[in-house]
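Coordinates from entry.cif are shown below (mmCIF, C-alpha atoms).
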```
data_work
#
loop_
_atom_site.label_atom_id
_atom_site.label_comp_id
_atom_site.auth_asym_id
_atom_site.auth_seq_id
_atom_site.Cartn_x
_atom_site.Cartn_y
_atom_site.Cartn_z
CA SER A 1 30.66 8.93 -4.19
CA ILE A 2 29.02 6.48 -6.60
CA PHE A 3 26.39 5.47 -4.05
CA ILE A 4 25.54 9.10 -3.28
CA ALA A 5 25.30 10.00 -6.96
CA GLU A 6 23.05 7.05 -7.78
CA ALA A 7 20.83 7.72 -4.78
CA ALA A 8 20.39 11.34 -5.83
CA LEU A 9 19.52 10.44 -9.42
CA HIS A 10 17.13 7.63 -8.44
CA PRO A 11 14.90 9.02 -5.67
CA GLN A 12 12.31 6.83 -4.01
CA ARG A 13 9.20 6.70 -6.20
CA ARG A 14 5.87 7.25 -4.45
CA ARG A 15 3.14 5.89 -6.67
CA LEU A 16 -0.52 6.83 -6.38
CA SER A 17 -2.56 4.38 -4.35
CA ALA A 18 -6.14 3.39 -5.17
CA GLU A 19 -7.28 5.20 -2.02
CA GLU A 20 -5.53 8.39 -3.09
CA ILE A 21 -7.07 8.27 -6.55
CA THR A 22 -10.51 7.73 -5.02
CA TYR A 23 -9.92 10.67 -2.66
CA VAL A 24 -9.16 13.01 -5.58
CA HIS A 25 -12.22 11.85 -7.54
CA ASP A 26 -14.40 12.41 -4.47
CA LEU A 27 -12.87 15.88 -4.04
CA ALA A 28 -13.59 16.71 -7.66
CA ASP A 29 -17.20 15.60 -7.27
CA ARG A 30 -17.60 17.60 -4.09
CA MET A 31 -16.16 20.76 -5.66
CA GLN A 32 -17.99 20.18 -8.96
CA VAL A 33 -14.69 20.03 -10.81
CA ASP A 34 -13.99 18.15 -14.04
CA LEU A 35 -11.04 15.81 -13.41
CA ALA A 36 -9.07 14.43 -16.35
CA ASP A 37 -6.00 12.20 -16.62
CA VAL A 38 -3.65 13.79 -19.15
CA SER A 39 -0.17 13.03 -20.43
CA SER A 40 2.69 14.69 -22.27
CA THR A 41 5.70 13.18 -24.02
CA THR A 42 9.06 14.85 -23.43
CA THR A 43 11.71 15.59 -26.01
CA ASP A 44 13.63 12.48 -24.87
CA GLY A 45 10.59 10.20 -25.16
CA VAL A 46 9.46 10.05 -21.52
CA THR A 47 5.71 10.01 -20.86
CA LEU A 48 4.70 12.38 -18.07
CA ARG A 49 1.31 12.10 -16.41
CA ALA A 50 -0.87 14.64 -14.66
CA TRP A 51 -4.34 15.57 -13.50
CA LYS A 52 -6.10 18.52 -15.07
CA LEU A 53 -8.85 19.95 -12.89
CA ARG A 54 -11.31 22.38 -14.42
CA PRO A 55 -13.84 24.19 -12.21
CA ALA A 56 -17.43 24.62 -13.35
CA HIS A 57 -16.91 28.33 -13.89
CA PRO A 58 -13.23 28.91 -14.76
CA ASN A 59 -11.82 32.42 -14.47
CA GLY A 60 -9.77 32.11 -17.66
CA ASP A 61 -6.40 31.46 -15.99
CA SER A 62 -4.46 28.24 -15.34
CA VAL A 63 -1.87 27.20 -12.74
CA ILE A 64 0.76 24.44 -12.94
CA LEU A 65 1.61 22.89 -9.55
CA LEU A 66 4.94 21.09 -9.07
CA HIS A 67 5.69 18.82 -6.12
CA GLY A 68 8.85 18.07 -4.13
CA LEU A 69 11.42 15.28 -4.14
CA SER A 70 10.14 11.69 -3.66
CA ASP A 71 6.56 12.98 -3.59
CA ASN A 72 3.86 12.89 -6.25
CA ARG A 73 1.14 15.19 -7.55
CA LEU A 74 -1.14 14.44 -4.59
CA GLY A 75 1.27 16.36 -2.36
CA MET A 76 -0.02 19.55 -4.01
CA ILE A 77 -3.73 18.85 -3.45
CA GLY A 78 -4.11 21.45 -0.70
CA TYR A 79 -2.91 24.18 -3.05
CA ALA A 80 -5.15 22.80 -5.78
CA GLU A 81 -8.21 23.11 -3.53
CA LEU A 82 -7.36 26.75 -2.81
CA LEU A 83 -6.93 27.59 -6.49
CA LEU A 84 -9.99 25.65 -7.65
CA ALA A 85 -12.10 27.50 -5.09
CA HIS A 86 -11.02 30.69 -6.89
CA HIS A 87 -11.87 29.21 -10.30
CA TYR A 88 -8.40 28.51 -11.70
CA VAL A 89 -7.84 25.56 -14.02
CA VAL A 90 -5.18 23.48 -12.25
CA LEU A 91 -2.62 21.11 -13.76
CA MET A 92 -0.93 18.69 -11.33
CA PRO A 93 1.90 16.72 -12.97
CA ASP A 94 4.08 13.99 -11.55
CA ALA A 95 7.70 14.95 -12.18
CA ARG A 96 9.81 12.58 -14.24
CA ALA A 97 10.96 9.57 -12.18
CA HIS A 98 8.15 10.34 -9.70
CA GLY A 99 4.61 9.09 -9.20
CA GLU A 100 3.08 7.69 -12.38
CA SER A 101 5.35 9.56 -14.78
CA GLY A 102 8.01 7.74 -16.75
CA GLY A 103 11.73 8.20 -16.56
CA ALA A 104 14.25 6.53 -14.28
CA ILE A 105 16.43 9.54 -13.45
CA ALA A 106 15.67 12.81 -11.69
CA THR A 107 17.95 15.68 -12.70
CA TYR A 108 16.63 18.47 -10.41
CA GLY A 109 15.80 20.81 -13.26
CA LEU A 110 18.36 19.95 -15.90
CA LEU A 111 15.77 18.00 -17.92
CA GLU A 112 12.72 19.03 -15.93
CA ARG A 113 12.90 22.67 -17.04
CA THR A 114 12.01 21.46 -20.53
CA ASP A 115 9.29 19.21 -19.09
CA VAL A 116 7.71 22.25 -17.42
CA ARG A 117 7.80 24.08 -20.74
CA ARG A 118 5.99 21.13 -22.37
CA TRP A 119 3.25 21.29 -19.75
CA TYR A 120 2.93 25.03 -20.33
CA GLU A 121 2.51 24.40 -24.05
CA PHE A 122 -0.01 21.65 -23.30
CA LEU A 123 -2.18 24.05 -21.26
CA VAL A 124 -1.99 26.77 -23.88
CA ALA A 125 -3.12 24.37 -26.61
CA ASP A 126 -5.70 22.58 -24.47
CA SER A 127 -7.35 25.34 -22.45
CA HIS A 128 -6.38 28.57 -24.27
CA PRO A 129 -5.92 30.38 -20.95
CA ARG A 130 -5.59 34.12 -20.62
CA CYS A 131 -2.62 33.50 -18.30
CA VAL A 132 -0.59 30.49 -17.17
CA PHE A 133 0.96 30.68 -13.71
CA GLY A 134 3.25 28.34 -11.80
CA PHE A 135 3.46 27.43 -8.14
CA ALA A 136 5.82 24.83 -6.73
CA GLU A 137 7.57 23.71 -3.57
CA SER A 138 11.04 22.40 -2.72
CA MET A 139 12.53 20.44 -5.65
CA GLY A 140 9.58 21.50 -7.79
CA ALA A 141 10.26 25.12 -6.84
CA ALA A 142 13.84 24.81 -8.07
CA GLN A 143 12.62 23.22 -11.29
CA LEU A 144 10.04 25.96 -11.80
CA LEU A 145 12.63 28.68 -11.31
CA GLN A 146 14.86 26.99 -13.89
CA ALA A 147 11.90 27.18 -16.29
CA ALA A 148 11.37 30.88 -15.52
CA ARG A 149 12.10 31.86 -19.12
CA THR A 150 8.91 30.07 -20.12
CA PRO A 151 6.37 32.90 -20.66
CA PHE A 152 4.46 32.43 -17.41
CA CYS A 153 2.44 35.43 -16.32
CA ALA A 154 3.91 35.00 -12.83
CA ILE A 155 5.38 32.24 -10.67
CA ALA A 156 5.67 31.54 -6.96
CA ALA A 157 8.22 29.13 -5.48
CA GLU A 158 8.33 27.92 -1.88
CA SER A 159 11.56 26.65 -0.30
CA PRO A 160 13.70 26.33 -3.45
CA PHE A 161 17.39 25.48 -3.41
CA SER A 162 19.77 27.98 -5.02
CA ASN A 163 22.05 25.52 -6.84
CA PHE A 164 22.83 21.82 -6.72
CA ARG A 165 26.26 22.18 -5.16
CA GLU A 166 24.95 24.36 -2.34
CA ILE A 167 22.16 21.94 -1.44
CA ALA A 168 24.69 19.08 -1.52
CA TYR A 169 26.69 20.93 1.14
CA ASP A 170 23.54 21.14 3.25
CA ARG A 171 22.73 17.46 2.88
CA PHE A 172 26.11 16.35 4.23
CA GLY A 173 25.83 18.75 7.13
CA GLN A 174 22.29 17.64 7.94
CA PHE A 175 23.32 13.99 8.01
CA PHE A 176 25.78 14.80 10.80
CA HIS A 177 23.55 17.46 12.40
CA VAL A 178 25.93 20.31 11.60
CA GLY A 179 25.99 23.16 9.09
CA PRO A 180 26.96 23.17 5.42
CA TRP A 181 30.60 23.79 6.34
CA LEU A 182 31.15 20.02 6.55
CA GLY A 183 30.22 19.54 2.91
CA ARG A 184 32.32 22.53 1.87
CA THR A 185 35.42 21.18 3.62
CA ILE A 186 35.90 17.58 4.72
CA PHE A 187 33.36 16.03 2.32
CA ARG A 188 34.04 18.32 -0.61
CA PRO A 189 36.10 15.62 -2.41
CA VAL A 190 33.14 13.24 -2.13
CA ILE A 191 30.83 15.82 -3.70
CA GLU A 192 33.29 16.57 -6.48
CA SER A 193 33.71 12.86 -7.22
CA SER A 194 29.94 12.37 -7.30
CA LEU A 195 29.49 15.22 -9.78
CA ALA A 196 32.31 13.84 -11.93
CA TYR A 197 30.76 10.35 -11.85
CA VAL A 198 27.39 11.69 -13.06
CA ARG A 199 29.10 13.58 -15.89
CA TRP A 200 31.01 10.43 -16.88
CA LYS A 201 28.21 7.86 -16.66
CA TYR A 202 25.12 9.90 -17.60
CA SER A 203 26.54 12.97 -19.38
CA PHE A 204 24.61 15.22 -17.00
CA ASP A 205 26.30 18.31 -15.60
CA LEU A 206 24.55 18.78 -12.28
CA GLU A 207 26.71 21.83 -11.60
CA SER A 208 24.59 23.64 -14.18
CA VAL A 209 21.49 23.03 -12.02
CA SER A 210 21.31 26.56 -10.67
CA PRO A 211 18.03 28.44 -10.18
CA GLU A 212 19.99 31.47 -8.97
CA GLU A 213 21.78 31.75 -12.31
CA VAL A 214 18.70 31.13 -14.46
CA VAL A 215 16.72 33.98 -12.89
CA ILE A 216 19.30 36.59 -13.85
CA GLY A 217 17.56 39.07 -16.13
CA VAL A 218 14.22 37.26 -16.04
CA ASN A 219 11.28 39.68 -16.18
CA THR A 220 8.60 37.20 -15.12
CA PRO A 221 7.22 38.26 -11.70
CA ILE A 222 8.71 35.82 -9.16
CA LEU A 223 7.57 35.40 -5.56
CA LEU A 224 9.79 33.36 -3.24
CA ILE A 225 8.28 31.93 -0.05
CA HIS A 226 10.61 30.53 2.57
CA GLY A 227 10.19 29.61 6.23
CA THR A 228 12.74 31.16 8.57
CA ASP A 229 13.02 27.83 10.43
CA ASP A 230 13.44 25.65 7.34
CA ARG A 231 15.79 22.83 8.36
CA ASN A 232 15.61 21.05 5.01
CA ILE A 233 16.53 23.86 2.61
CA PRO A 234 17.67 26.81 4.72
CA VAL A 235 16.35 30.28 3.90
CA ARG A 236 19.82 31.38 2.78
CA HIS A 237 19.06 29.64 -0.53
CA SER A 238 16.29 32.13 -1.24
CA TYR A 239 18.62 34.96 -0.21
CA ARG A 240 21.08 33.78 -2.85
CA ILE A 241 18.38 33.63 -5.53
CA LEU A 242 17.10 37.07 -4.58
CA ALA A 243 20.62 38.49 -4.86
CA HIS A 244 20.70 37.52 -8.55
CA ASN A 245 17.51 39.38 -9.48
CA PRO A 246 16.45 42.47 -7.51
CA HIS A 247 12.93 42.34 -8.97
CA ILE A 248 12.16 39.10 -7.14
CA VAL A 249 9.97 39.39 -4.03
CA LEU A 250 10.75 37.26 -0.95
CA TRP A 251 8.26 36.50 1.78
CA GLU A 252 10.09 35.16 4.82
CA VAL A 253 7.57 33.21 6.86
CA PRO A 254 8.32 33.37 10.61
CA GLN A 255 8.41 30.22 12.75
CA THR A 256 7.89 28.01 9.71
CA ASP A 257 9.73 24.89 8.59
CA HIS A 258 10.08 23.43 5.10
CA CYS A 259 7.13 24.25 2.81
CA GLY A 260 4.96 24.93 5.84
CA ALA A 261 3.54 28.40 5.11
CA ILE A 262 0.10 27.08 4.20
CA SER A 263 -0.05 25.36 7.62
CA THR A 264 1.45 28.02 9.90
CA HIS A 265 0.00 31.10 8.16
CA PRO A 266 -2.93 29.78 6.09
CA GLN A 267 -4.83 33.05 5.66
CA GLU A 268 -1.75 35.13 4.87
CA PHE A 269 -0.46 32.46 2.50
CA ALA A 270 -3.73 32.35 0.59
CA ALA A 271 -3.94 36.13 0.40
CA LYS A 272 -0.35 36.55 -0.80
CA LEU A 273 -0.51 33.78 -3.38
CA LEU A 274 -3.84 34.86 -4.83
CA GLN A 275 -2.74 38.49 -4.91
CA TRP A 276 0.41 37.44 -6.78
CA LEU A 277 -1.70 35.63 -9.37
CA GLN A 278 -3.94 38.68 -9.76
CA LEU A 279 -1.29 41.25 -10.65
CA PRO A 280 -2.53 43.98 -13.00
CA ALA A 281 -2.94 42.66 -16.52
CA SER A 282 -0.37 45.15 -17.75
CA ASN A 283 2.30 43.17 -15.86
CA HIS A 284 1.45 39.92 -17.63
CA PRO A 285 2.86 38.87 -20.99
CA HIS A 286 -0.57 37.63 -22.08
CA GLY A 287 -2.48 40.54 -20.54
#
```
Before anything else, please render the file you have as structure tokens.
Amino acid sequence: SIFIAEAALHPQRRRLSAEEITYVHDLADRMQVDLADVSSTTTDGVTLRAWKLRPAHPNGDSVILLHGLSDNRLGMIGYAELLLAHHYVVLMPDARAHGESGGAIATYGLLERTDVRRWYEFLVADSHPRCVFGFAESMGAAQLLQAARTPFCAIAAESPFSNFREIAYDRFGQFFHVGPWLGRTIFRPVIESSLAYVRWKYSFDLESVSPEEVVIGVNTPILLIHGTDDRNIPVRHSYRILAHNPHIVLWEVPQTDHCGAISTHPQEFAAKLLQWLQLPASNHPHG
């Protein structure tokens, strides 16, 4: 239980390589985009780092992109290219305990929801956008949903988990190539002990990590994207989130695995995402 808890809280850190940094600078030059290294300090003193990319002719709106577990901001570069081509200012942070950001512990949204809010406030103060949107995948999608009470104009989340306990059930089942029933039954004591250990040692209640609960009553337009063949975070997680807020829209992407919509259905993905970010101004808090 202790090993599992520590492994979950201390994911493998993927730092940016010199080649990756050069690639992004070359991309910015090619797209005539202004690339800036920016930072933000969290309420608990952690320094988070990000890239801010500003196109030559911005459309007045900004998008925050959040990456998945054990990844870094570069994992979102394909989405950034799409959005920059349509003249959005793009902010690409490394999550805490990931990439070049500080922090030793990942809490899957417990602390990160406030981090997202800080980045939102940074963009508002820095760029004075008409609207701030959010798009994220996997762990980042769960974090974004937990920050849904931040006054985004709209958000889109691909392959989020519904709550920490439910994804823990999946992880045990996946390790043994079976369903989540194994975590719910035989390994349930291990999960309970892990959660108790984290509460005791770190004073973090991972049971409160629950995107499905946070979205209750949220009026921010939310688009969920989930592949029907997702073997990492099964589509039932998005079903659970949808059940807690009937105003949420779910796009189930056929024959698609984890966070793969942009690869399997590139044109439809681009059309749906851009349409979601171009909802009538009357639907946006900052309209």
Check your understanding: Which residue gives the smallest distance to A:Asp126 among A:Trp251, A:Pro11, A:Lys272, A:Ala36, with all atoms listed in the file counted?
Key ->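 Looking only at the distances to A:Asp126, the closest residue turns out to be A:Ala36.
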Check your understanding: Could you name the residues that touch A:Ser238 at 10 Å or less, counting only C-alpha atoms, but leaving out those on the same chain fewer than 4 positions away, as a PyMOL selection string?
Key -> chain A and resi 157-162+211-212+224-227+233-234+242-243+250-252
Check your understanding: So how far away is atom CA of A:Trp51 from atom CA of A:Thr150, in Å?
Key ->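 Computing it gives 20.7 Å between the two atoms.
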Mind running stretch 155-227 of chain A against stretch 96-118 of chain A at 8 Å and telling me each contacting residue's nearest atom pair with the distance in Å (one decimal), counting only C-alpha atoms, chain and number ascending, as a Markdown table?
```
| residue | atom | partner | partner_atom | distance |
| --- | --- | --- | --- | --- |
| A:Phe164 | CA | A:Tyr108 | CA | 8.0 |
| A:Phe204 | CA | A:Leu110 | CA | 7.9 |
| A:Leu206 | CA | A:Leu110 | CA | 7.3 |
| A:Ser208 | CA | A:Leu110 | CA | 7.4 |
| A:Val209 | CA | A:Leu110 | CA | 5.9 |
```
Point to revise | Result set, the PyMOL selection byres ((chain A and resi 119) around 12) on current file, as a PyMOL selection string | key: chain A and resi 38-43+47-52+62-66+90-95+112-118+120-127+132-134+144+147+150+152
Write out as CSV a residue-level contact list of stretch 73-149 of chain A versus stretch 254-269 of chain A with cut-off 9 Å: for each qualifying residue the closest pair of atoms and the distance in Å to one decimal, counting only C-alpha atoms, rows sorted by chain and residue number upward.
```
residue,atom,partner,partner_atom,distance
A:Gly78,CA,A:Ile262,CA,8.6
A:Tyr79,CA,A:Ile262,CA,8.4
A:Glu137,CA,A:Cys259,CA,6.4
A:Ser138,CA,A:Cys259,CA,7.0
```
Practice item. Translate the PyMOL selection byres ((chain A and resi 216) around 12), as applied to the file shown, into an explicit residue set as a list in words. Key: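 Taken over the shown coordinates, the PyMOL selection byres ((chain A and resi 216) around 12) returns Leu145, Gln146, Ala148, Arg149, Ser210, Pro211, Glu212, Glu213, Val214, Val215, Gly217, Val218, Asn219, Thr220, Ile222, Arg240, Ile241, Leu242, Ala243, His244, Asn245, Pro246, His247 and Ile248 of chain A.
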Point to revise | Distance criterion (only C-alpha atoms): nearest to A:Ile21 out of A:Asp230, A:Glu6, A:Asp170, A:Asp37 | key: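 Among the listed residues, the smallest separation from A:Ile21 belongs to A:Asp37.
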Practice item. Please write the residues picked by the PyMOL selection byres ((chain A and resi 84) around 10) on this file as a list in words. Key: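 That selection, the PyMOL selection byres ((chain A and resi 84) around 10), comes back as Ala28, Met31, Gln32, Val33, Leu53, Arg54, Pro55, Ala56, His57, Pro58, Asn59, Ser62, Val63, Tyr79, Ala80, Glu81, Leu82, Leu83, Ala85, His86, His87, Tyr88, Val89 and Val90 of chain A.
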Exercise for review: Report the distance between atom CA of A:Ser1 and atom CA of A:Ser193 in Å, rounded to one decimal place.
Suggested key: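 That distance, rounded to one decimal, is 5.8 Å.
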**Study point:** Separation of atom CA of A:Ser70 from atom CA of A:Tyr169 in Å
**Key:**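 Distance between the two atoms: 19.6 Å.
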Check your understanding: Of the candidates A:Cys153, A:Leu279, A:Ile191, A:Leu74, which shows the shortest atom-to-atom distance to A:Val24, using only C-alpha atoms?
Key ->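 Distance minimum relative to A:Val24 lands on A:Leu74.
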Check your understanding: With all atoms listed in the file as the basis for distance, which of A:Leu27, A:Ala141, A:Ile167, A:Ala156 is at the shortest distance from A:Ala8?
Key ->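 Of A:Leu27, A:Ala141, A:Ile167, A:Ala156, the one nearest A:Ala8 is A:Ile167, counting all atoms listed in the file.
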Point to revise | For A:Ile4, the nearest of the candidates A:Trp200, A:Pro180, A:Ala168, A:Asp229, counting all atoms listed in the file | key: A:Ala168
Exercise for review: Can you pull out every residue within 12 Å of A:Gly183, counting only C-alpha atoms, but drop anything in the same chain fewer than 3 positions away, and send it as a PyMOL selection string?
Suggested key: chain A and resi 165-180+186-192
Could you save the residues just selected, with C-alpha atoms, as a PDB file, in the frame of the given file?
```
ATOM      1  CA  ARG A 165      26.260  22.180  -5.160  1.00  0.00           C
ATOM      2  CA  GLU A 166      24.950  24.360  -2.340  1.00  0.00           C
ATOM      3  CA  ILE A 167      22.160  21.940  -1.440  1.00  0.00           C
ATOM      4  CA  ALA A 168      24.690  19.080  -1.520  1.00  0.00           C
ATOM      5  CA  TYR A 169      26.690  20.930   1.140  1.00  0.00           C
ATOM      6  CA  ASP A 170      23.540  21.140   3.250  1.00  0.00           C
ATOM      7  CA  ARG A 171      22.730  17.460   2.880  1.00  0.00           C
ATOM      8  CA  PHE A 172      26.110  16.350   4.230  1.00  0.00           C
ATOM      9  CA  GLY A 173      25.830  18.750   7.130  1.00  0.00           C
ATOM     10  CA  GLN A 174      22.290  17.640   7.940  1.00  0.00           C
ATOM     11  CA  PHE A 175      23.320  13.990   8.010  1.00  0.00           C
ATOM     12  CA  PHE A 176      25.780  14.800  10.800  1.00  0.00           C
ATOM     13  CA  HIS A 177      23.550  17.460  12.400  1.00  0.00           C
ATOM     14  CA  VAL A 178      25.930  20.310  11.600  1.00  0.00           C
ATOM     15  CA  GLY A 179      25.990  23.160   9.090  1.00  0.00           C
ATOM     16  CA  PRO A 180      26.960  23.170   5.420  1.00  0.00           C
ATOM     17  CA  ILE A 186      35.900  17.580   4.720  1.00  0.00           C
ATOM     18  CA  PHE A 187      33.360  16.030   2.320  1.00  0.00           C
ATOM     19  CA  ARG A 188      34.040  18.320  -0.610  1.00  0.00           C
ATOM     20  CA  PRO A 189      36.100  15.620  -2.410  1.00  0.00           C
ATOM     21  CA  VAL A 190      33.140  13.240  -2.130  1.00  0.00           C
ATOM     22  CA  ILE A 191      30.830  15.820  -3.700  1.00  0.00           C
ATOM     23  CA  GLU A 192      33.290  16.570  -6.480  1.00  0.00           C
TER      24      GLU A 192
END
```
**Study point:** Among listed residues A:Asn232, A:Pro129, A:Asp44, A:Leu16, nearest A:Gly75 (using all atoms listed in the file)
**Key:**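 Checking each of A:Asn232, A:Pro129, A:Asp44, A:Leu16 against A:Gly75, counting all atoms listed in the file, the winner is A:Leu16.
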